[in-house]
Amino acid sequence: MPEMNMVQAINDALRFEMQQDDRVVVLGEDVGKVGGVFRVTAGLFDEFGADRVIDTPLSEGGIIGTAVGMALYGLRPIPEIQFSDFIFPAYDQIVSEVAKYRYRSGGEFPCNMVIRTPVGGGIRGGHYHSQSPEAQFIHVAGLKVVCPSTAADAKGLLLASIRDPDPVLFFEPKRVYRAAKGEVPEGDYTVELGKANVIREGKSLTVISYGAMLYEAMDAAEKAAEHGIECEVIDLRTLWPLDIDTIIASVKKTGRVVIVHEAPRSCGLGGELVSLINEKAFLHLEAPPRRVTGFDTPFPYTLEMEYLPLSHRILPALTETANY
Amino acid sequence: MPEMNMVQAINDALRFEMQQDDRVVVLGEDVGKVGGVFRVTAGLFDEFGADRVIDTPLSEGGIIGTAVGMALYGLRPIPEIQFSDFIFPAYDQIVSEVAKYRYRSGGEFPCNMVIRTPVGGGIRGGHYHSQSPEAQFIHVAGLKVVCPSTAADAKGLLLASIRDPDPVLFFEPKRVYRAAKGEVPEGDYTVELGKANVIREGKSLTVISYGAMLYEAMDAAEKAAEHGIECEVIDLRTLWPLDIDTIIASVKKTGRVVIVHEAPRSCGLGGELVSLINEKAFLHLEAPPRRVTGFDTPFPYTLEMEYLPLSHRILPALTETANY
Amino acid sequence: MTTVSSYQEPEAQGAERRPDDVMADDVIRVMAPDGTVIDDIGIDDETAVALYQAMLRTRIVDDRAVTLQRQGRIGFHIGSLGEEASIIGSAFALRDQDWIFPCYREFGAALLRGLSMQTYMDNLYGNANDIVKGRQMPDHWCDREHRIASVSSPIGTQITNAVGFAWAAALKNDPLAVLVYFGDGATSSNEFHNGLNFAGVNATPTVFLCRNNGWAISVPTDKQTASESFAAKGVAYGVPAVRVDGNDVFAVLKVTRDALTRASAGEGPTLIEAITYRLSGHSTSDDPTRYRPEGEAEAWEQRDPLLRMRRYLAERVNWGDAEQASAEQAIHHEVKAAIEVSENTPKPALETLFEGVYAEMPWHLREQQAELLAGTRAPGHGE
Amino acid sequence: MTTVSSYQEPEAQGAERRPDDVMADDVIRVMAPDGTVIDDIGIDDETAVALYQAMLRTRIVDDRAVTLQRQGRIGFHIGSLGEEASIIGSAFALRDQDWIFPCYREFGAALLRGLSMQTYMDNLYGNANDIVKGRQMPDHWCDREHRIASVSSPIGTQITNAVGFAWAAALKNDPLAVLVYFGDGATSSNEFHNGLNFAGVNATPTVFLCRNNGWAISVPTDKQTASESFAAKGVAYGVPAVRVDGNDVFAVLKVTRDALTRASAGEGPTLIEAITYRLSGHSTSDDPTRYRPEGEAEAWEQRDPLLRMRRYLAERVNWGDAEQASAEQAIHHEVKAAIEVSENTPKPALETLFEGVYAEMPWHLREQQAELLAGTRAPGHGE
Ligand SMILES: Cc1ncc(C[n+]2csc(CCOP(=O)(O)OP(=O)(O)O)c2C)c(N)n1
Ligand SMILES: Cc1ncc(C[n+]2csc(CCOP(=O)(O)OP(=O)(O)O)c2C)c(N)n1
Ligand SMILES: [Mg+2]
Ligand SMILES: [Mg+2]
């Protein structure tokens with residue numbers, strides 16, 4: 001298997017599916033000739049031409065609004081939003097049209113597309129090139145939300161998302177775009193949506209994370225192991241609908257849980273996880289579920305590494321929860 | 001004290017403040033001559049003229065985007081969004097500008113305004129005249145979120161919101177616009193933001209709700225009392241930042257909690273409340289916190305009363321939680 | 001229904017207060033308001049009668065739906081009183097393969113294309129047979145079979161959707177065009193801007209039909225834009241535009257046909273401003289007397305598109321009171337039969353509430369479905 | 001810095017491929033590219049020198065900031081190489097009471113209005129003295145003292161904000177106008193549409209300055225819109241518009257002054273399309289050689305607005321190499337001093353992360369603040 005980073009793996013998935021399925025089109029700002037500001041679509045313009053790799057005017061609402069029409073026609077549009085901070089001009093189309101089209105048409109019109117967008121901080125992007133808005137989509141019925149943490153998962157989840165009959169928000173953790181490197185299967189390769197990955201087994205406590213923070217959670221888990229705390233680390237991969245079975249099985253085993261995400265804490269996915277765990281494993285809980293998250297402030301520039309829930313902030317939560 | 005319904009109370013608050021403070025302007029679709037589709041701004045156009053009660057073009061983004069400029073100038077704009085389902089074309093301005101302007105300008109530019117908008121179901125409005133999007137704003141740092149349930153609170157909270165130095169999303173539960181009737185203090189009257197209201201005391205369990213569902217929660221609580229279950233019912237009033245002290249004090253007393261809101265369950269405010277309660281009162285919990293909420297589907301038309309978490313759906317949650 | 005009377009061009013009044021007035025020189029008109037033909041575009045009598053019948057059917061259904069709402073038998077209706085020519089004339093121009101992206105007033109176009117009266121009525125009732133399963137308000141239907149997308153309440157969203165659909169077809173060399181309807185108010189939406197801009201840049205085969213009916217609920221067009229007309233907005237996007245007398249069904253048919261010809265020839269989109277008037281309130285929830293200048297509606301009643309056609313038909317095909325009465329009766333009969341069936345059809349089954357949010361129901365919705373089914377029914381919602 | 005050379009109008013090339021070309025007949029020009037005056041608008045020598053000095057200062061700062069970024073001493077810079085005349089000419093036209101709503105390339109305008117070099121440099125460094133407290137990326141400052149709103153990354157949002165500000169002032173009979181900057185790409189945003197439309201309807205005293213620099217990152221203007229020009233878009237909103245040679249600082253000054261005169265007279269907004277060219281990459285993160293047609297930038301270098309002014313000044317006020325060198329030196333000195341201070345200023349204090357989200361810190365932020373302060377510091381973030 002070739003080694004790739006996440007950018008290459010996503011590029012590989014796009015190229016593979018575009019070769020297989022001529023309904024697939026990519027559209028967005030700067031996705032064409034220049035291959036995207038992160039070079040994720042590099043080379044696709046040359047291979048598939050301007051009719052399938054489309055540079056659009058500077059309007060996210062226009063990108064998603066027209067992608068809806070393409071999806072209704074039967075294409076498989078893959079719109080790119082340059083940074084997920086800039087998805088909000090398209091928010092109305094996403095929550096009012098994309099999410100509801102199938103349901104409100106009584107099933108006559110599926111509206112599946114994959115909205116790809118880089119997410120998260122750690123690249124010195126400040127307020128508007130760093131945010132993690134996944135909760136703002138999870139709350140909206142009708143959307144699926146995916147966030148890979150490895151190159152192989154990025155490929156496998158993206159191919160699964162493109163073939164999925166429902167619309168998918170595909171968040172790409174840009175902090176690890178190049179750092180998340182590993183072997184990636186060639187050719188056709190899918191990772192089923194809705195399945196989490198237990199990347200470390202342990203009995204002391206369950207750590208749930210995803211995307212770029214997964215690496216921080218793993219780092220903290222390794223350090224905790226030095227203190228005899230064996231964490232079970234779960235990479236959610238699909239953020240919604242969740243792999244509830246894997247989560248609950250783990251929490252029932254450990255009785256303790258720490259959730260890590262860089263999105264702001266309040267009304268984030270962490271809160272939902274805590275509630276679900278309460279509802280389904282209350283009597284197993286031996287310590288209060290803990291959230292280690294981004295703070296409820298706008299994303300800062302200079303102090304971004306203090307804002308992010310990095311390993312040094314996760315570790316105390318692990319030890320305190322384990323020793324509760 | 002005169003008796004008013006919620007529409008009249010809000011109208012009264014607007015009129016009072018417009019008389020006191022000539023920086024206050026109201027703008028939105030149909031707010032002028034016709035006085036709003038719910039008649040909340042009735043009479044204001046005649047009293048204050050077209051320069052302070054402004055009918056705008058049909059663009060929520062334009063309404064909020066220009067209100068930002070007005071706020072920066074030093075006016076006290078009160079934009080109306082005709083239904084909160086139609087707030088999404090303005091979502092970018094709200095989350096990217098309104099919420100962040102003070103912070104990102106290092107405090108140079110406060111951006112306070114009160115965005116008034118009718119919320120919730122029960123008026124046969126289907127998908128797009130019924131939604132409850134409060135969680136989509138609570139998750140965003142920099143916003144305050146308010147939702148009154150009574151006429152007097154509507155007046156008092158609105159006056160407090162207009163005078164508050166921060167931007168406020170003011171959700172008006174339209175199902176009880178006319179049904180929520182009661183004595184409303186004349187003249188100047190404020191209800192402090194961030195303070196919940198314990199509207200029923202009890203030792204068996206804590207019920208937390210707000211807006212139109214508060215009445216359903218109260219109805220269920222009364223019925224539960226017939227079975228010897230004495231609920232403490234908390235009307236949040238300000239949804240963010242929460243009155244955490246009142247909530248935690250009550251949960252510490254009762255050890256049991258049921259949260260009721262009509263917004264979809266997943267990643268809703270209920271999940272956040274469950275997490276906060278876990279974090280601050282874990283050892284007091286005698287039963288898993290329960291959520292009785294709208295379902296994770298788009299808001300339906302014909303079956304809306306089955307969708308809403310009405311009294312008949314709350315009551316079993318109360319008895320089960322009390323008897324856990 | 002208004003009956004035929006001798007024609008008088010209405011006095012300047014509210015009706016003339018806006019610069020986009022229908023009598024302006026650049027407004028295309030084929031048939032004068034008195035029913036005489038100014039410019040023979042070769043419409044045969046059969047077509048003329050078909051157009052009139054479709055408009056008449058639209059109006060009668062409208063009228064009946066308002067009554068049903070007033071009687072509390074349906075929850076809501078949003079109609080097209082006075083705007084029938086804009087809707088029927090444009091839909092009539094379409095070829096089989098073309099698609100419609102409707103706003104919320106175009107049930108007449110759907111009926112014309114073949115949506116059955118029963119299906120429409122079931123939608124007004126939101127019952128178990130409703131094509132959208134009682135999930136949306138009345139008048140929010142869809143009709144894939146007849147190539148009509150789904151009605152959505154948020155203003156304007158269908159505009160960009162229509163552009164994307166047309167664009168997709170063009171990318172696949174599929175020779176269809178898309179007609180999208182929206183109001184004057186919708187031109188202020190983000191969607192109008194995005195739709196027209198993307199259509200212009202990519203030369204998509206889209207026909208934009210702006211029903212300028214003078215009002216967006218209570219907001220008149222001069223508060224909507226300072227542009228000289230709605231058609232003038234095409235310039236901003238390099239999209240050719242035309243203004244047409246929206247109460248002249250022949251003229252609307254003609255300009256739409258022209259636009260379709262351009263679209264099919266790969267010449268891209270066209271913006272049509274059809275100048276008409278909303279003779280009713282915005283919907284059954286609205287009372288227009290609160291804001292409408294006195295005399296305005298009355299002036300436009302004189303320009304009623306159905307009246308104009310009756311004058312024309314009276315001259316050309318001897319369409320008299322007998323023909324009118326029998327046409328009306330047939331439609332009334334059809335509507336009545338549909339109502340009876342709709343009214344006796346149950347509500348959608350409870351479990352359907354959770355179906356179709358996703359292609360397959362995920363665990364959390366299965367759980368919520370089970371929770372609801374196991375519980376008691378809402379008051380008044382028993383089945 | 002390019003030095004003065006004899007002027008040659010560049011060959012048609014990439015530069016001429018778009019219809020909005022700067023040499024079109026309707027483009028207002030006061031000074032020819034060779035520095036000779038076509039239309040004397042009565043600019044005295046002192047003003048001319050001041051304009052040039054401001055442009056020069058802008059360019060030198062730009063150049064220095066790019067170097068700082070390349071050296072890893074600051075994180076990012078987004079500059080205005082080649083666009084100095086559009087920015088300085090328009091800002092220069094403003095009266096004291098007027099406001100600026102900037103895009104992200106207008107630090108030159110801020111420096112001109114009085115923002116200190118130190119304050120600007122502290123913003124590039126995001127240090128404890130940064131006016132925005134290190135919360136935003138470099139070049140995202142604000143300056144209430146000099147009547148400049150806050151730079152925001154999302155494209156276009158400042159346009160509607162600027163309209164609202166101007167509208168508020170007009171409602172209060174406050175005789176100010178607002179100048180808002182944005183790029184050609186921004187005309188596709190929702191905000192352009194909303195801003196222009198609201199301004200048109202309410203005749204707000206807003207001057208819209210579209211810096212058409214040919215590109216939106218890698219997207220050229222002909223992929224941005226099919227409109228004949230960006231100025232043409234004014235028609236859609238009833239907003240008078242004008243195209244100006246954006247590399248002719250006098251012409252930009254003149255059209256902005258005219259627009260301000262209109263605004264002050266209550267005649268409402270004006271849309272100015274300043275045709276210029278982004279000589280650099282989009283920002284320090286961008287490599288334009290990946291997408292720019294060969295020869296295009298070179299052609300525009302010939303039209304460099306600073307060169308043009310040097311030619312003019314050489315003719316008019318004997319501005320020679322000595323004057324140039326001493327002007328440059330003074331600016332370099334100023335910049336260097338500021339860098340030294342900025343570089344030695346610490347990061348913002350940790351607790352400031354939580355301040356100013358709200359006017360008063362609510363309990364949940366106090367808790368989070370305490371949590372952070374009690375913990376260990378992030379690697380490399382020690383203080
Ligand atoms: C985004 C959005 N904002 C507000 C509304 C409420 N609303 C429904 S119809 C309407 C007026 C529409 O006017 P116009 O576009 O002229 O169409 P018409 O009803 O006149 O056919 C408004 C404001 C809405 N449906 N969607
Ligand atoms: C809403 C939004 N979408 C995308 C971006 C990313 N982006 C930053 S600048 C830019 C291009 C802007 O082009 P233009 O408006 O012409 O201004 P210029 O940079 O040329 O001055 C893009 C796409 C953004 N900042 N905001
Ligand atoms: Mg209208
Ligand atoms: Mg540009």
# chains A, B, ... in the order shown; residues from 1 in each chain; ligands from 1
$ residues_around --residues "Gly356 in chain D" --least-positions-apart "2" --cutoff "12 Å" --atoms "only C-alpha atoms" --output "number ranges by chain"
A: 296-298; B: 99-111, 141-143, 165-166; D: 132-133, 135, 351-354, 358-362, 365-366
$ write_last_selection --atoms "C-alpha atoms" --output "mmCIF file, in the first residue's frame"
data_model
loop_
_atom_site.group_PDB
_atom_site.id
_atom_site.type_symbol
_atom_site.label_atom_id
_atom_site.label_comp_id
_atom_site.auth_asym_id
_atom_site.auth_seq_id
_atom_site.Cartn_x
_atom_site.Cartn_y
_atom_site.Cartn_z
ATOM 1 C CA ASP A 296 -16.714 29.443 24.538
ATOM 2 C CA THR A 297 -14.881 32.331 22.935
ATOM 3 C CA PRO A 298 -14.243 33.133 19.308
ATOM 4 C CA ALA B 99 -21.415 37.641 17.831
ATOM 5 C CA LYS B 100 -17.761 38.474 17.262
ATOM 6 C CA TYR B 101 -17.608 42.203 16.631
ATOM 7 C CA ARG B 102 -16.878 43.309 20.168
ATOM 8 C CA TYR B 103 -14.292 40.624 20.777
ATOM 9 C CA ARG B 104 -12.490 40.818 17.497
ATOM 10 C CA SER B 105 -12.218 44.595 17.709
ATOM 11 C CA GLY B 106 -10.549 44.337 21.093
ATOM 12 C CA GLY B 107 -13.600 45.918 22.675
ATOM 13 C CA GLU B 108 -13.556 48.973 20.417
ATOM 14 C CA PHE B 109 -16.894 48.207 18.815
ATOM 15 C CA PRO B 110 -19.759 46.747 20.814
ATOM 16 C CA CYS B 111 -22.479 45.436 18.541
ATOM 17 C CA ALA B 141 -19.839 32.567 21.650
ATOM 18 C CA GLY B 142 -20.856 36.184 22.066
ATOM 19 C CA LEU B 143 -24.628 35.917 21.824
ATOM 20 C CA PRO B 165 -24.606 45.882 26.136
ATOM 21 C CA ASP B 166 -24.506 42.559 24.277
ATOM 22 C CA VAL D 132 -7.440 43.679 18.681
ATOM 23 C CA LYS D 133 -5.484 41.885 21.414
ATOM 24 C CA ARG D 135 -7.383 37.773 18.544
ATOM 25 C CA GLU D 351 -6.675 35.819 30.796
ATOM 26 C CA THR D 352 -7.500 38.184 27.926
ATOM 27 C CA LEU D 353 -8.636 35.179 25.928
ATOM 28 C CA PHE D 354 -11.916 35.307 27.844
ATOM 29 C CA TYR D 358 -19.439 39.831 26.466
ATOM 30 C CA ALA D 359 -19.345 43.229 28.143
ATOM 31 C CA GLU D 360 -19.224 41.408 31.475
ATOM 32 C CA MET D 361 -17.738 37.972 31.814
ATOM 33 C CA PRO D 362 -20.484 35.399 32.496
ATOM 34 C CA LEU D 365 -16.318 31.974 30.895
ATOM 35 C CA ARG D 366 -15.054 32.763 34.377
#
$ residues_near_ligand --ligand "ligand 4" --cutoff "8 Å" --atoms "only C-alpha atoms and all ligand atoms" --output "number ranges by chain"
D: 183-186, 211-217, 221, 278
$ write_last_selection --atoms "all heavy atoms" --output "short mmCIF file (atom, residue, chain, number, x, y, z; two decimals), in the first residue's frame"
data_model
loop_
_atom_site.label_atom_id
_atom_site.label_comp_id
_atom_site.auth_asym_id
_atom_site.auth_seq_id
_atom_site.Cartn_x
_atom_site.Cartn_y
_atom_site.Cartn_z
N GLY D 183 -13.51 43.70 -2.93
CA GLY D 183 -12.91 43.28 -4.17
C GLY D 183 -13.92 42.90 -5.24
O GLY D 183 -15.13 42.92 -5.00
N ASP D 184 -13.43 42.56 -6.41
CA ASP D 184 -14.31 42.10 -7.49
C ASP D 184 -15.01 40.80 -7.09
O ASP D 184 -16.19 40.61 -7.38
CB ASP D 184 -13.50 41.89 -8.78
CG ASP D 184 -12.18 41.18 -8.53
OD1 ASP D 184 -11.28 41.81 -7.95
OD2 ASP D 184 -12.05 39.99 -8.87
N GLY D 185 -14.29 39.92 -6.41
CA GLY D 185 -14.92 38.66 -5.98
C GLY D 185 -16.08 38.91 -5.05
O GLY D 185 -17.11 38.22 -5.11
N ALA D 186 -15.96 39.91 -4.21
CA ALA D 186 -16.99 40.21 -3.23
C ALA D 186 -18.31 40.61 -3.87
O ALA D 186 -19.37 40.53 -3.23
CB ALA D 186 -16.52 41.31 -2.29
N ARG D 211 -12.59 47.42 -5.56
CA ARG D 211 -11.25 47.29 -6.14
C ARG D 211 -11.25 46.10 -7.08
O ARG D 211 -11.07 44.97 -6.66
CB ARG D 211 -10.20 47.00 -5.06
CG ARG D 211 -9.78 48.12 -4.16
CD ARG D 211 -8.66 47.67 -3.21
NE ARG D 211 -9.11 46.72 -2.21
CZ ARG D 211 -9.14 45.41 -2.34
NH1 ARG D 211 -8.69 44.82 -3.43
NH2 ARG D 211 -9.59 44.64 -1.38
N ASN D 212 -11.46 46.36 -8.35
CA ASN D 212 -11.39 45.28 -9.33
C ASN D 212 -9.93 45.07 -9.69
O ASN D 212 -9.37 45.75 -10.53
CB ASN D 212 -12.22 45.64 -10.56
CG ASN D 212 -12.02 44.64 -11.68
OD1 ASN D 212 -11.35 43.61 -11.50
ND2 ASN D 212 -12.59 44.94 -12.83
N ASN D 213 -9.33 44.10 -9.01
CA ASN D 213 -7.91 43.83 -9.25
C ASN D 213 -7.70 42.59 -10.11
O ASN D 213 -6.63 42.00 -10.14
CB ASN D 213 -7.15 43.71 -7.92
CG ASN D 213 -7.64 42.52 -7.09
OD1 ASN D 213 -8.46 41.73 -7.57
ND2 ASN D 213 -7.16 42.41 -5.87
N GLY D 214 -8.77 42.19 -10.80
CA GLY D 214 -8.62 41.13 -11.80
C GLY D 214 -8.78 39.72 -11.27
O GLY D 214 -9.08 38.80 -12.03
N TRP D 215 -8.61 39.53 -10.01
CA TRP D 215 -8.58 38.18 -9.45
C TRP D 215 -9.26 38.10 -8.09
O TRP D 215 -9.19 39.04 -7.29
CB TRP D 215 -7.13 37.71 -9.27
CG TRP D 215 -6.40 37.54 -10.56
CD1 TRP D 215 -5.62 38.49 -11.17
CD2 TRP D 215 -6.41 36.41 -11.43
NE1 TRP D 215 -5.14 38.00 -12.37
CE2 TRP D 215 -5.60 36.72 -12.54
CE3 TRP D 215 -7.02 35.15 -11.36
CZ2 TRP D 215 -5.40 35.82 -13.59
CZ3 TRP D 215 -6.81 34.26 -12.39
CH2 TRP D 215 -6.01 34.59 -13.49
N ALA D 216 -9.86 36.96 -7.84
CA ALA D 216 -10.30 36.58 -6.49
C ALA D 216 -9.51 35.30 -6.20
O ALA D 216 -9.86 34.23 -6.68
CB ALA D 216 -11.79 36.33 -6.46
N ILE D 217 -8.43 35.44 -5.48
CA ILE D 217 -7.41 34.39 -5.39
C ILE D 217 -7.10 33.94 -6.82
O ILE D 217 -6.53 34.71 -7.59
CB ILE D 217 -7.78 33.24 -4.42
CG1 ILE D 217 -8.20 33.83 -3.03
CG2 ILE D 217 -6.56 32.30 -4.23
CD1 ILE D 217 -8.44 32.78 -1.93
N THR D 221 -11.94 37.54 -13.25
CA THR D 221 -13.23 38.24 -13.23
C THR D 221 -14.25 37.64 -14.19
O THR D 221 -15.44 37.71 -13.92
CB THR D 221 -13.06 39.73 -13.53
OG1 THR D 221 -12.31 39.87 -14.73
CG2 THR D 221 -12.34 40.44 -12.41
N ARG D 278 -3.78 43.23 -8.95
CA ARG D 278 -3.07 42.69 -7.79
C ARG D 278 -1.73 42.19 -8.28
O ARG D 278 -1.63 41.11 -8.86
CB ARG D 278 -3.91 41.53 -7.22
CG ARG D 278 -3.54 41.07 -5.83
CD ARG D 278 -4.22 39.74 -5.55
NE ARG D 278 -3.55 38.66 -6.24
CZ ARG D 278 -4.11 37.48 -6.55
NH1 ARG D 278 -5.35 37.23 -6.23
NH2 ARG D 278 -3.41 36.56 -7.18
#
$ residues_around --residues "Gly75 in chain C" --least-positions-apart "4" --cutoff "8 Å" --atoms "only C-alpha atoms" --output "ChimeraX atom specification"
/B:124 /C:69,124-125,137-138
$ write_last_selection --atoms "all heavy atoms" --output "mmCIF file, in the first residue's frame"
data_model
loop_
_atom_site.group_PDB
_atom_site.id
_atom_site.type_symbol
_atom_site.label_atom_id
_atom_site.label_comp_id
_atom_site.auth_asym_id
_atom_site.auth_seq_id
_atom_site.Cartn_x
_atom_site.Cartn_y
_atom_site.Cartn_z
ATOM 1 N N ARG B 124 -49.774 25.242 13.163
ATOM 2 C CA ARG B 124 -49.983 24.635 11.853
ATOM 3 C C ARG B 124 -49.101 25.263 10.788
ATOM 4 O O ARG B 124 -49.550 25.609 9.699
ATOM 5 C CB ARG B 124 -51.459 24.736 11.438
ATOM 6 C CG ARG B 124 -52.423 24.273 12.536
ATOM 7 C CD ARG B 124 -53.715 23.789 11.963
ATOM 8 N NE ARG B 124 -53.501 22.547 11.218
ATOM 9 C CZ ARG B 124 -54.461 21.879 10.587
ATOM 10 N NH1 ARG B 124 -55.702 22.320 10.616
ATOM 11 N NH2 ARG B 124 -54.199 20.765 9.939
ATOM 12 N N GLN C 69 -60.604 26.951 3.603
ATOM 13 C CA GLN C 69 -59.817 27.470 4.722
ATOM 14 C C GLN C 69 -60.718 28.260 5.667
ATOM 15 O O GLN C 69 -60.649 28.094 6.885
ATOM 16 C CB GLN C 69 -58.664 28.324 4.186
ATOM 17 C CG GLN C 69 -57.579 28.627 5.217
ATOM 18 C CD GLN C 69 -57.935 29.770 6.149
ATOM 19 O OE1 GLN C 69 -58.755 30.639 5.817
ATOM 20 N NE2 GLN C 69 -57.343 29.772 7.334
ATOM 21 N N LEU C 124 -53.584 19.824 0.032
ATOM 22 C CA LEU C 124 -54.224 20.867 0.851
ATOM 23 C C LEU C 124 -54.680 20.288 2.184
ATOM 24 O O LEU C 124 -54.674 20.970 3.206
ATOM 25 C CB LEU C 124 -55.430 21.461 0.110
ATOM 26 C CG LEU C 124 -55.148 22.322 -1.128
ATOM 27 C CD1 LEU C 124 -56.440 22.986 -1.605
ATOM 28 C CD2 LEU C 124 -54.098 23.395 -0.836
ATOM 29 N N TYR C 125 -55.082 19.022 2.158
ATOM 30 C CA TYR C 125 -55.557 18.384 3.388
ATOM 31 C C TYR C 125 -54.420 17.775 4.209
ATOM 32 O O TYR C 125 -54.609 17.454 5.364
ATOM 33 C CB TYR C 125 -56.625 17.327 3.059
ATOM 34 C CG TYR C 125 -58.004 17.928 2.898
ATOM 35 C CD1 TYR C 125 -58.416 18.475 1.697
ATOM 36 C CD2 TYR C 125 -58.881 17.973 3.981
ATOM 37 C CE1 TYR C 125 -59.675 19.041 1.558
ATOM 38 C CE2 TYR C 125 -60.143 18.539 3.863
ATOM 39 C CZ TYR C 125 -60.539 19.065 2.644
ATOM 40 O OH TYR C 125 -61.772 19.630 2.528
ATOM 41 N N MET C 137 -46.928 22.459 4.826
ATOM 42 C CA MET C 137 -48.182 23.195 4.774
ATOM 43 C C MET C 137 -48.875 22.945 3.430
ATOM 44 O O MET C 137 -48.252 22.558 2.451
ATOM 45 C CB MET C 137 -47.905 24.691 4.887
ATOM 46 C CG MET C 137 -47.420 25.132 6.244
ATOM 47 S SD MET C 137 -46.989 26.888 6.177
ATOM 48 C CE MET C 137 -48.611 27.646 6.363
ATOM 49 N N PRO C 138 -50.172 23.221 3.374
ATOM 50 C CA PRO C 138 -50.876 23.180 2.095
ATOM 51 C C PRO C 138 -50.138 24.026 1.052
ATOM 52 O O PRO C 138 -49.464 24.998 1.401
ATOM 53 C CB PRO C 138 -52.230 23.811 2.429
ATOM 54 C CG PRO C 138 -52.437 23.499 3.873
ATOM 55 C CD PRO C 138 -51.082 23.558 4.496
#
$ interface_residues --of "chain B" --to "chain A" --cutoff "7 Å" --atoms "only C-alpha atoms" --output "list in words"
Phe88, Pro89, Tyr91, Asp92, Lys100, Ala135, Gln136, Ile138, His139, Ala141, Pro264, Ser266, Cys267, Gly268, Leu269, Gly271, Glu272, Val274, Ser275, Asn278, Glu279, Phe282, Pro288, Pro289, Asp296, Thr297 and Pro298 of chain B
$ closest_residue --among "B:Gly125, B:Pro57, B:Gly294, B:Gly156" --to "ligand 3" --atoms "only C-alpha atoms and all ligand atoms"
B:Pro57
$ interface_residues --of "chain C" --to "chain A" --cutoff "9 Å" --atoms "only C-alpha atoms" --output "ChimeraX atom specification"
/C:130-136,140-144,149-152,154,157-169,171-172,190-191,193-195,197-198,201,355-360,362-364
$ interface_residues --of "chain C" --to "chain D" --cutoff "9 Å" --atoms "only C-alpha atoms" --output "number ranges by chain"
C: 188-191, 193-194, 197-203, 222-239
$ residues_around --residues "range 226-238 of chain B" --least-positions-apart "4" --cutoff "6 Å" --atoms "only C-alpha atoms" --output "ChimeraX atom specification"
/B:146-148,193-194,196-210,221
$ residues_around --residues "Asp25 in chain C" --least-positions-apart "2" --cutoff "12 Å" --atoms "only C-alpha atoms" --output "list in words"
Pro19, Asp20, Asp21, Val22, Met23, Val27, Ile28, Arg29, Val242, Arg243, Val244 and Asp245 of chain C
